[in-house]
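Shown below: entry-v8.txt, with compact mmCIF, C-alpha atoms.
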# COMPACT_ATOMS: atom_id res chain seq x y z
CA MET A 27 337.87 167.17 -21.40
CA PRO A 28 334.52 165.47 -21.61
CA ASP A 29 331.53 167.71 -21.18
CA PHE A 30 329.62 166.76 -18.03
CA THR A 31 327.19 169.64 -18.16
CA LEU A 32 324.83 167.79 -20.47
CA THR A 33 322.26 165.82 -18.49
CA PRO A 34 320.57 163.10 -20.50
CA PRO A 35 316.76 163.28 -20.58
CA PRO A 36 315.03 160.90 -18.14
CA ILE A 37 314.39 157.52 -19.71
CA PRO A 38 310.80 156.31 -19.36
CA THR A 39 310.41 153.04 -17.56
CA VAL A 40 308.44 150.01 -18.53
CA GLN A 41 306.82 147.07 -16.75
CA VAL A 42 307.77 143.67 -18.03
CA ARG A 43 305.82 140.48 -17.38
CA ALA A 44 305.45 137.15 -19.07
CA GLU A 45 301.88 136.06 -19.67
CA LEU A 46 300.50 132.84 -20.99
CA GLU A 47 298.63 133.93 -24.08
CA PRO A 48 298.29 130.83 -26.19
CA LEU A 49 295.60 132.30 -28.42
CA ARG A 50 297.76 135.18 -29.59
CA ALA A 51 300.74 132.90 -30.09
CA GLN A 52 298.63 130.20 -31.77
CA LEU A 53 297.12 132.61 -34.21
CA LEU A 54 300.52 134.02 -35.06
CA SER A 55 301.78 130.48 -35.58
CA LEU A 56 299.14 130.02 -38.25
CA GLY A 57 300.26 133.24 -39.88
CA PRO A 58 303.17 131.96 -41.95
CA MET B 9 301.29 139.63 -39.59
CA SER B 10 302.85 142.17 -41.86
CA ALA B 11 302.50 142.12 -45.59
CA ASP B 12 306.12 142.55 -46.47
CA GLU B 13 307.94 140.95 -43.56
CA PRO B 14 307.52 137.21 -43.08
CA LEU B 15 307.86 136.02 -39.48
CA ALA B 16 311.01 134.19 -38.50
CA VAL B 17 309.78 130.74 -37.60
CA ASP B 18 310.91 127.49 -36.12
CA GLY B 19 311.69 124.48 -38.34
CA TRP B 20 308.57 122.62 -37.26
CA LEU B 21 306.38 125.36 -38.63
CA THR B 22 308.20 125.43 -41.94
CA GLN B 23 307.66 121.68 -42.27
CA ALA B 24 304.02 122.03 -41.29
CA ALA B 25 303.53 124.75 -43.87
CA ALA B 26 305.04 122.47 -46.51
CA GLN B 27 302.20 120.01 -45.90
CA LEU B 28 299.60 122.51 -47.04
CA THR B 29 298.24 122.27 -50.56
CA PRO B 30 299.38 125.13 -52.82
CA GLU B 31 295.85 126.60 -52.62
CA GLN B 32 295.81 126.47 -48.81
CA HIS B 33 299.26 127.96 -48.66
CA HIS B 34 298.32 130.75 -50.99
CA PHE B 35 295.10 131.60 -49.18
CA ASN B 36 296.91 131.54 -45.84
CA ARG B 37 299.47 134.05 -47.00
CA LEU B 38 296.76 136.24 -48.43
CA LEU B 39 294.63 135.95 -45.32
CA PHE B 40 297.30 136.97 -42.83
CA ALA B 41 299.02 139.55 -44.99
CA ALA B 42 295.80 141.32 -45.92
CA PHE B 43 293.43 140.70 -43.02
CA GLY B 44 295.72 139.53 -40.20
CA THR B 45 295.09 142.48 -37.88
CA ALA B 46 291.33 141.92 -38.08
CA LEU B 47 291.66 138.35 -36.86
CA LEU B 48 293.14 139.07 -33.44
CA PRO B 49 290.55 138.50 -30.75
CA GLU B 50 289.84 140.88 -27.87
CA ALA B 51 290.16 138.20 -25.22
CA THR B 52 293.24 136.06 -25.55
CA THR B 53 292.47 133.60 -22.77
CA ILE B 54 289.81 131.55 -24.53
CA ALA B 55 290.53 128.23 -26.21
CA PHE B 56 291.28 128.26 -29.90
CA ALA B 57 288.21 126.19 -30.77
CA THR B 58 286.04 128.71 -28.91
CA TYR B 59 287.71 131.54 -30.77
CA LEU B 60 286.85 129.85 -34.08
CA ASP B 61 283.24 129.34 -33.00
CA GLU B 62 283.01 133.01 -32.06
CA LEU B 63 284.54 134.04 -35.35
CA ALA B 64 281.97 131.94 -37.22
CA ALA B 65 279.10 133.34 -35.14
CA GLN B 66 280.07 136.99 -35.63
CA PRO B 67 277.50 139.05 -37.47
CA VAL B 68 278.66 139.56 -41.05
CA GLU B 69 278.62 143.34 -41.03
CA PRO B 70 281.03 144.20 -38.15
CA PHE B 71 283.35 141.41 -39.25
CA HIS B 72 283.30 142.77 -42.77
CA ASN B 73 284.07 146.25 -41.41
CA ARG B 74 287.10 145.00 -39.55
CA LEU B 75 288.40 143.24 -42.63
CA THR B 76 287.87 146.41 -44.65
CA GLN B 77 289.74 148.45 -42.05
CA ALA B 78 292.61 145.99 -42.03
CA ILE B 79 293.02 146.10 -45.76
CA ALA B 80 292.65 149.89 -45.85
CA SER B 81 295.99 150.25 -44.04
CA LEU B 82 297.78 148.25 -46.75
CA ALA B 83 299.69 149.78 -49.58
CA PRO B 84 298.23 148.88 -53.00
CA THR B 85 300.42 145.79 -53.39
CA PRO B 86 299.55 142.68 -55.42
CA ILE B 87 298.23 141.21 -52.16
CA TRP B 88 295.88 144.13 -51.76
CA ALA B 89 294.75 143.78 -55.38
CA GLU B 90 293.95 140.11 -54.82
CA ALA B 91 292.33 140.52 -51.40
CA ALA B 92 290.12 143.53 -52.06
CA PRO B 93 287.67 141.81 -54.46
CA LEU B 94 287.03 139.07 -51.85
CA LEU B 95 285.26 141.69 -49.74
CA SER B 96 282.44 141.91 -52.27
CA ASP B 97 280.96 138.69 -50.89
CA PRO B 98 281.38 139.13 -47.11
CA GLN B 99 279.44 136.05 -46.10
CA ALA B 100 281.41 133.72 -48.35
CA LEU B 101 284.68 135.30 -47.19
CA GLN B 102 283.83 134.85 -43.52
CA GLN B 103 282.94 131.21 -44.16
CA GLN B 104 286.13 130.65 -46.12
CA ILE B 105 288.28 132.20 -43.37
CA VAL B 106 286.70 130.15 -40.60
CA ASP B 107 286.90 126.92 -42.62
CA HIS B 108 290.50 127.58 -43.49
CA LEU B 109 291.59 128.34 -39.92
CA ARG B 110 289.65 125.35 -38.63
CA THR B 111 291.36 123.00 -41.09
CA LEU B 112 294.78 124.32 -40.18
CA TRP B 113 294.07 124.19 -36.49
CA ASN B 114 292.61 120.67 -36.45
CA GLY B 115 295.01 119.20 -38.95
CA LEU B 116 298.28 120.80 -37.90
CA LEU B 117 298.42 122.93 -34.83
CA ALA B 118 296.07 121.57 -32.17
CA GLY B 119 298.19 118.52 -31.34
CA GLU B 120 301.38 120.47 -31.54
CA TRP B 121 300.08 123.02 -29.05
CA GLN B 122 298.94 120.35 -26.68
CA ARG B 123 302.51 119.10 -26.59
CA HIS B 124 303.82 122.51 -25.63
CA THR B 125 301.22 123.90 -23.26
CA TYR B 126 302.62 122.37 -20.09
CA THR B 127 306.14 123.59 -20.78
CA LEU B 128 304.99 127.06 -21.76
CA THR B 129 302.98 127.40 -18.56
CA GLY B 130 305.99 126.41 -16.48
CA MET B 131 308.36 128.71 -18.33
CA THR B 132 306.01 131.66 -18.06
CA HIS B 133 305.83 131.14 -14.32
CA THR B 134 309.58 130.63 -14.05
CA ILE B 135 310.70 133.74 -15.85
CA ASN B 136 308.32 135.88 -13.81
CA GLU B 137 309.54 134.43 -10.53
CA LEU B 138 313.18 134.17 -11.41
CA VAL B 139 313.91 137.11 -13.66
CA PHE B 140 311.17 139.73 -13.73
CA SER B 141 310.70 139.72 -9.95
CA GLN B 142 314.28 140.93 -9.47
CA PRO B 143 314.49 144.55 -8.28
CA ARG B 144 316.24 145.72 -11.44
CA TRP B 145 313.22 144.66 -13.50
CA GLN B 146 310.74 146.72 -11.51
CA ALA B 147 311.31 149.86 -13.54
CA LEU B 148 313.53 149.25 -16.48
CA ASN B 149 314.15 151.37 -19.53
CA PRO B 150 312.22 149.99 -22.50
CA PHE B 151 315.26 149.76 -24.78
CA ALA B 152 317.12 147.53 -22.37
CA ALA B 153 313.98 145.45 -21.82
CA LEU B 154 313.37 144.94 -25.53
CA ARG B 155 317.00 144.07 -26.19
CA PHE B 156 316.84 141.45 -23.45
CA LEU B 157 313.56 139.98 -24.64
CA LEU B 158 314.64 139.73 -28.26
CA GLN B 159 318.10 138.52 -27.20
CA THR B 160 319.57 140.61 -30.00
CA GLU B 161 319.92 144.22 -31.05
CA PRO B 162 316.44 145.47 -31.95
CA THR B 163 315.99 146.63 -35.54
CA ASP B 164 314.98 150.23 -36.21
CA GLU B 165 311.48 149.04 -36.99
CA GLN B 166 311.27 147.24 -33.64
CA LEU B 167 312.64 150.26 -31.78
CA ALA B 168 310.03 152.46 -33.43
CA GLN B 169 307.36 150.31 -31.79
CA LEU B 170 308.61 151.36 -28.33
CA ALA B 171 307.22 154.89 -28.53
CA GLY B 172 304.86 155.43 -25.62
CA VAL B 173 305.08 151.85 -24.36
CA ARG B 174 304.53 151.44 -20.61
CA ARG B 175 304.14 147.69 -20.49
CA ILE B 176 305.85 144.86 -22.31
CA VAL B 177 304.31 141.40 -22.27
CA LEU B 178 306.41 138.41 -23.11
CA VAL B 179 304.45 135.59 -24.73
CA TRP B 180 306.24 132.29 -25.24
CA SER B 181 305.70 130.58 -28.52
CA PRO B 182 307.16 127.26 -29.62
CA HIS B 183 307.18 128.48 -33.22
CA LEU B 184 308.04 132.13 -33.62
CA LEU B 185 311.69 132.98 -33.13
CA ALA B 186 311.22 136.61 -32.16
CA TYR B 187 308.43 138.99 -33.05
CA CYS B 188 306.98 142.09 -31.49
CA ASN B 189 303.84 144.04 -32.18
CA ARG B 190 301.57 146.61 -30.53
CA PHE B 191 298.44 145.00 -31.97
CA GLY B 192 296.82 148.44 -31.92
CA SER B 193 297.01 148.76 -28.13
CA GLY B 194 297.62 152.08 -26.36
CA ASP B 195 300.66 151.36 -24.26
CA THR B 196 301.47 147.66 -24.49
CA LEU B 197 304.01 145.91 -26.65
CA TRP B 198 303.82 142.14 -27.04
CA VAL B 199 306.98 140.21 -27.65
CA VAL B 200 306.20 136.75 -28.93
CA ARG B 201 309.20 134.49 -29.05
CA LYS B 202 310.66 131.04 -28.74
CA PHE B 203 312.27 130.16 -25.47
CA ASP B 204 316.00 130.79 -25.24
CA PRO B 205 317.70 129.30 -22.13
CA GLN B 206 320.09 132.24 -22.24
CA MET B 207 317.27 134.40 -20.91
CA MET B 208 317.06 132.43 -17.68
CA ARG B 209 320.75 132.70 -16.94
CA ARG B 210 321.65 134.51 -13.80
CA ASP B 211 324.46 134.40 -11.32
CA PRO B 212 324.43 131.22 -9.30
CA LEU B 213 322.45 131.43 -6.10
CA SER B 214 324.43 131.71 -2.93
CA ARG B 215 323.43 129.96 0.30
CA ALA B 216 323.19 133.39 1.94
CA GLU B 217 320.34 134.40 -0.38
CA VAL B 218 318.33 131.41 0.75
CA LEU B 219 319.39 131.52 4.40
CA GLY B 220 317.93 135.02 4.84
CA PRO B 221 314.30 134.07 4.17
CA ILE B 222 314.69 130.66 5.85
CA SER B 223 315.86 132.20 9.11
CA ALA B 224 312.96 134.64 8.93
CA LEU B 225 310.70 131.57 9.02
CA ALA B 226 312.65 129.63 11.64
CA ASP B 227 310.90 131.01 14.68
CA GLU B 228 307.92 129.79 16.69
CA THR B 229 306.23 133.20 16.99
CA ARG B 230 306.74 134.18 13.36
CA LEU B 231 305.30 130.89 12.16
CA ARG B 232 302.31 131.48 14.43
CA ILE B 233 301.82 134.91 12.86
CA LEU B 234 301.87 133.39 9.37
CA GLU B 235 299.40 130.67 10.39
CA TRP B 236 297.09 133.26 11.90
CA LEU B 237 297.24 135.50 8.82
CA THR B 238 296.53 132.48 6.61
CA GLU B 239 293.48 131.65 8.68
CA GLN B 240 292.13 135.17 9.28
CA GLY B 241 293.25 137.19 6.28
CA GLU B 242 294.34 140.77 6.80
CA GLN B 243 294.87 141.76 10.45
CA ARG B 244 295.60 144.93 12.38
CA ALA B 245 298.72 145.01 14.57
CA GLN B 246 296.50 145.23 17.69
CA GLU B 247 294.67 142.06 16.73
CA LEU B 248 297.94 140.21 16.31
CA ILE B 249 299.26 141.46 19.65
CA ALA B 250 296.09 140.28 21.36
CA GLN B 251 296.14 136.94 19.62
CA LEU B 252 299.79 136.27 20.47
CA GLU B 253 299.49 137.61 24.04
CA SER B 254 302.79 139.35 23.56
CA SER B 255 304.17 142.87 23.90
CA GLN B 256 303.78 145.40 21.13
CA GLY B 257 307.56 145.75 20.76
CA ASN B 258 307.99 142.02 20.43
CA VAL B 259 305.26 141.58 17.83
CA SER B 260 306.37 144.52 15.73
CA ARG B 261 309.93 143.20 15.71
CA HIS B 262 308.70 139.87 14.35
CA LEU B 263 306.43 141.55 11.83
CA LYS B 264 309.27 143.71 10.63
CA GLN B 265 311.34 140.62 9.94
CA LEU B 266 308.50 138.91 8.07
CA VAL B 267 307.85 142.01 5.99
CA GLY B 268 311.56 142.39 5.27
CA ALA B 269 311.80 138.80 4.07
CA GLY B 270 308.77 139.28 1.84
CA PHE B 271 306.38 136.86 3.58
CA VAL B 272 304.01 139.52 4.87
CA ARG B 273 302.68 142.67 3.23
CA GLU B 274 302.18 145.78 5.31
CA ARG B 275 299.76 148.56 4.49
CA ARG B 276 298.56 151.65 6.24
CA ALA B 277 294.80 152.13 6.16
CA GLY B 278 293.03 155.46 6.65
CA ASP B 279 293.56 155.34 10.42
CA ALA B 280 297.04 155.16 11.92
CA ASN B 281 296.82 151.38 12.24
CA LYS B 282 299.03 149.26 10.06
CA ARG B 283 297.48 146.15 8.58
CA TYR B 284 299.23 142.95 7.70
CA GLU B 285 298.48 140.14 5.32
CA LEU B 286 300.23 137.04 4.05
CA ASN B 287 302.27 137.49 0.87
CA GLU B 288 302.05 134.17 -0.95
CA ALA B 289 304.45 135.34 -3.64
CA GLY B 290 307.15 135.53 -0.96
CA LEU B 291 306.59 131.89 -0.02
CA ARG B 292 306.59 130.77 -3.65
CA ARG B 293 309.80 132.68 -4.16
CA LEU B 294 311.50 130.86 -1.28
CA PHE B 295 310.45 127.44 -2.60
CA PHE B 296 311.72 128.50 -5.96
CA LEU B 297 315.06 129.69 -4.59
CA LEU B 298 315.49 126.45 -2.66
CA ARG B 299 314.83 124.31 -5.70
CA GLN B 300 317.19 126.51 -7.66
CA LEU B 301 319.94 126.26 -5.05
CA LEU B 302 319.68 122.47 -5.03
CA SER B 303 319.61 122.02 -8.79
CA ASN B 304 322.29 120.68 -11.11
CA GLN B 305 321.99 123.86 -13.08
CA ASN B 306 323.05 125.90 -10.08
CA ALA B 307 325.97 123.60 -9.40
CA GLN B 308 327.07 124.12 -12.99
CA SER B 309 326.83 127.88 -12.82
CA VAL B 310 328.81 127.86 -9.58
CA SER B 311 331.63 126.08 -11.38
CA GLN B 312 331.27 128.48 -14.29
CA GLN B 313 331.54 131.37 -11.89
CA ARG B 314 334.76 129.94 -10.45
CA GLN B 315 336.14 129.75 -13.99
CA THR B 316 335.15 133.39 -14.57
CA GLU B 317 336.86 134.41 -11.37
CA ARG B 318 340.07 132.70 -12.49
CA GLU B 319 339.89 134.56 -15.82
CA LEU B 320 339.20 137.83 -14.05
CA HIS B 321 342.24 137.22 -11.88
CA GLN B 322 344.38 136.81 -14.99
CA VAL B 323 342.97 139.97 -16.57
CA ARG B 324 343.70 141.95 -13.43
CA ALA B 325 347.24 140.67 -13.18
CA THR B 326 348.11 142.50 -16.40
CA THR B 327 346.15 145.74 -16.05
CA SER B 328 346.22 148.91 -13.96
CA PRO B 329 344.58 148.53 -10.52
CA LEU B 330 342.41 151.54 -11.42
CA LEU B 331 340.62 149.37 -13.97
CA HIS B 332 340.04 146.33 -11.78
CA GLY B 333 336.50 147.19 -10.82
CA LEU B 334 335.66 148.11 -14.40
CA LEU B 335 336.83 145.11 -16.43
CA ASP B 336 334.99 141.85 -17.04
CA ALA B 337 336.62 138.43 -17.35
CA ARG B 338 337.28 138.96 -21.04
CA GLY B 339 339.09 142.21 -20.43
CA ARG B 340 336.23 144.44 -21.59
CA ILE B 341 335.33 147.68 -19.83
CA THR B 342 331.83 147.32 -18.43
CA ARG B 343 330.93 150.91 -17.60
CA TRP B 344 331.98 154.54 -17.55
CA SER B 345 333.57 155.89 -14.37
CA SER B 346 333.04 159.38 -13.01
CA LYS B 347 336.60 159.51 -11.62
CA LEU B 348 339.00 161.34 -13.87
CA LYS B 349 341.89 158.99 -12.99
CA ASP B 350 339.79 155.98 -13.98
CA GLN B 351 338.77 157.66 -17.20
CA GLN B 352 342.39 158.31 -18.10
CA ALA B 353 343.34 154.68 -17.38
CA MET B 354 340.32 153.46 -19.33
CA MET B 355 341.13 155.59 -22.37
CA GLU B 356 344.76 154.46 -22.38
CA TYR B 357 343.66 150.84 -22.05
CA VAL B 358 341.34 151.12 -25.05
CA LEU B 359 343.89 153.12 -27.02
CA ASP B 360 346.25 150.14 -26.77
CA LYS B 361 343.77 148.15 -28.86
CA PHE B 362 344.27 150.51 -31.80
CA ALA B 363 347.05 149.85 -34.31
CA VAL B 364 349.64 152.60 -34.58
CA GLU B 365 349.83 154.38 -37.95
CA ARG B 366 346.51 153.10 -39.12
CA SER B 367 343.51 155.25 -39.88
CA TYR B 368 340.04 154.00 -39.09
CA SER B 369 336.69 154.91 -40.55
CA GLU B 370 334.03 156.01 -38.07
CA LYS B 371 332.30 152.64 -38.49
CA GLU B 372 335.52 150.74 -37.77
CA ILE B 373 336.32 152.83 -34.76
CA ASN B 374 332.86 152.35 -33.33
CA GLU B 375 333.14 148.59 -33.81
CA LEU B 376 336.48 148.52 -32.06
CA LEU B 377 335.16 150.62 -29.17
CA ARG B 378 332.08 148.43 -28.77
CA GLN B 379 334.29 145.37 -28.71
CA TRP B 380 336.20 146.65 -25.67
CA TYR B 381 333.64 148.94 -24.06
CA LEU B 382 330.28 147.43 -23.14
CA ASP B 383 328.49 150.55 -21.95
CA ASP B 384 325.87 151.70 -24.48
CA ASP B 385 327.31 155.18 -24.65
CA PHE B 386 330.54 154.41 -26.49
CA VAL B 387 330.26 157.79 -28.19
CA LEU B 388 331.11 159.40 -24.84
CA LEU B 389 334.31 157.37 -24.70
CA ARG B 390 335.19 158.25 -28.28
CA ARG B 391 334.61 161.96 -27.70
CA SER B 392 336.62 161.88 -24.47
CA MET B 393 339.53 160.22 -26.26
CA VAL B 394 339.45 162.90 -28.93
CA ASP B 395 339.14 165.69 -26.32
CA ALA B 396 342.07 164.24 -24.39
CA GLY B 397 344.17 164.28 -27.56
CA LEU B 398 344.64 160.49 -27.59
CA LEU B 399 342.69 160.08 -30.81
CA LYS B 400 342.96 162.41 -33.76
CA ARG B 401 340.33 162.79 -36.39
CA THR B 402 339.68 164.62 -39.63
CA LYS B 403 337.47 167.66 -39.33
CA ASP B 404 334.45 165.91 -40.80
CA GLY B 405 334.94 162.98 -38.39
CA ALA B 406 335.27 160.48 -41.25
CA ARG B 407 338.73 159.14 -40.31
CA TYR B 408 340.33 158.50 -36.91
CA TRP B 409 343.87 157.49 -35.94
CA ARG B 410 345.85 157.16 -32.76
CA GLU B 411 348.48 159.70 -31.90
CA GLY B 412 352.11 158.57 -31.65

Output the file's structure in the form of structure tokens.
Amino acid sequence: MPDFTLTPPPIPTVQVRAELEPLRAQLLSLGP
Amino acid sequence: MSADEPLAVDGWLTQAAAQLTPEQHHFNRLLFAAFGTALLPEATTIAFATYLDELAAQPVEPFHNRLTQAIASLAPTPIWAEAAPLLSDPQALQQQIVDHLRTLWNGLLAGEWQRHTYTLTGMTHTINELVFSQPRWQALNPFAALRFLLQTEPTDEQLAQLAGVRRIVLVWSPHLLAYCNRFGSGDTLWVVRKFDPQMMRRDPLSRAEVLGPISALADETRLRILEWLTEQGEQRAQELIAQLESSQGNVSRHLKQLVGAGFVRERRAGDANKRYELNEAGLRRLFFLLRQLLSNQNAQSVSQQRQTERELHQVRATTSPLLHGLLDARGRITRWSSKLKDQQAMMEYVLDKFAVERSYSEKEINELLRQWYLDDDFVLLRRSMVDAGLLKRTKDGARYWREG
């Protein structure tokens, strides 16, 4: 039988947002 | 901006790069591979031309220090060997970098970016309103978030960047396919990537989702409350009761509805009094939902959903009722169940996908399980099947086969 006694460690959470950051993206575009 | 890993880029950028002279191309590679991390500005909201002016106006010494630091983290590669001597004339190097970036910007990128800015602004707004404002995005595990943002399985190197991350910022780029970097920050990971319409997909909107907030607005008193909050800013409940000349019970019922629909924010100040203010995001969200409901795109996803339902119906017609809530339209198990009966049915269902009298390597068995079992923890399923005696394996776990 599967072992249900093991509790997985809590997974940290993260905030996700989109931001308009042309400068970062522009500079990276010049990169290659 | 890594020495050994070129960025995956859009075709336009490859063509643009082909227009550079060999010298420009060479210097560009050298510049970003060796000194790339030193070029990122602190503020990312300024215009590119301003950034270049600031770069040119930087005192030589701190700029030189940053370049030295950047190169110090490099392994002694040929790039390092070529870049290091340039540091001996800091002033000339700074001038060369600024001139180079200015030429590239003016000649290639400025116009291209102008073409994209409007779209990028709209898409940034859209994904925040449509996707990241959904409850399941409020506190998500970073692995799931990164997988979604990259729209593919993250590589080990990308996963390693997640350690300690509390915030992920998505930055749209018309040129980079998918790239993520901490840029030296404490707890933020930036994912820079090209737009993929797949990311905006969601279940079609139902009329009920839009009717809820609309009926919260469709009332004389509630509209008056919103008008008053717009005019006066934050208000205490008492002030609203006085203004509306209504009973406390009546006003708090209306406020409760407005708060529930997301049009008003409620907060408790130091005293027992609750305060209320307009929540503009709630209004924007309603406009957005309405536009979405009445879009062609929504009509299409409604018809897609009907198709999925038909497929689901077919899948269910041929499988155990225990599995009905667990299977998707393509007959794949979507999650683990805590009920033993379900687990048994699930394991037998998956077992049927294995050929009799064939032995599988661990890699093959994992692939097969992942094909029919979408939950991340397919190892749990595999172990359960072994424990239940449905799958046999060699002691070292190298080969698996189905019993009988």

- Query: Got a sec: who's within 10 Å of Leu389 of chain B, counting all atoms listed in the file, leaving out chain neighbours fewer than 2 positions off, as a ChimeraX atom specification?
  - Reply: /A:28 /B:344,351,354-355,358,377,381,383,385-387,391-395

- Item | Proximity to Leu46 of chain A - best of B:His183, B:Arg366, B:Arg175, B:His133, all atoms listed in the file | B:His133

As AutoDock Vina command-line options, please: the centre and edge lengths in Å, to one decimal, of an axis-aligned box enclosing every listed atom of segment 85-97 of chain B with 5 Å added on each side.
--center_x 290.7 --center_y 142.2 --center_z -52.6 --size_x 29.5 --size_y 17.1 --size_z 15.7

- Query: So how far away is atom CA of Leu399 of chain B from atom CA of Leu359 of chain B, in Å?
  - Reply: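 Rounded to one decimal, the two atoms are 8.0 Å apart.
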
- Message: Would you pick out the contacts of segment 19-27 of chain B at 9 Å or less, using only C-alpha atoms, so that residues sharing its chain but fewer than 6 positions from it are not included, and give the list as a list in words?
- Response: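 Answer for this query is Ser55, Leu56 and Pro58 of chain A; His33, Leu116, Leu117, His183 and Leu184 of chain B.
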
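Atom to atom, atom CA of Gln305 of chain B and atom CA of Leu138 of chain B stand 13.7 Å apart.
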
- Query: Using only C-alpha atoms, what residues lie at most 9 Å away from (298.5, 137.0, -31.8) (file coordinates), given as a list in words?
  - Reply: Glu47, Pro48, Leu49, Arg50, Ala51, Gln52, Leu53, Leu54 and Ser55 of chain A; Met9, Thr45, Leu47, Leu48, Pro49, Thr52, Asn189, Phe191, Trp198 and Val200 of chain B

- Task: Give as a VMD selection string every residue of chain B that touches chain A within 6 Å, counting all atoms listed in the file.
- Result: chain B and resid 40 52 132 147 to 150 174 to 179 181 392 395 to 396

- Query: What does the distance from atom CA of Gln315 of chain B to atom CA of Pro221 of chain B come to in Å, to one decimal?
  - Reply: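 Interatomic distance, atom CA of Gln315 of chain B to atom CA of Pro221 of chain B: 28.7 Å.
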
- Item | Proximity to Leu213 of chain B - best of B:Leu302, B:Leu398, B:Ala406, B:Ala65, all atoms listed in the file |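 So, comparing all the options, the nearest one is B:Leu302.
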
- Note on the structure: Closest of B:Ala92, B:Val272, B:Leu197, B:Leu60 to Leu39 of chain B, counting all atoms listed in the file, is B:Ala92

- Query: In terms of the shortest atom-to-atom distance over only C-alpha atoms, which of B:Glu90, B:Ala83, B:Leu263, B:Ala152 is closest to Thr229 of chain B?
  - Reply: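 The answer is B:Leu263, which sits nearest to Thr229 of chain B.
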
- Within 10 Å of Leu101 of chain B, counting all atoms listed in the file, which residues show up once you throw out same-chain ones fewer than 6 positions away? Write them as number ranges by chain, please. B: 68, 72, 75, 94-95, 107
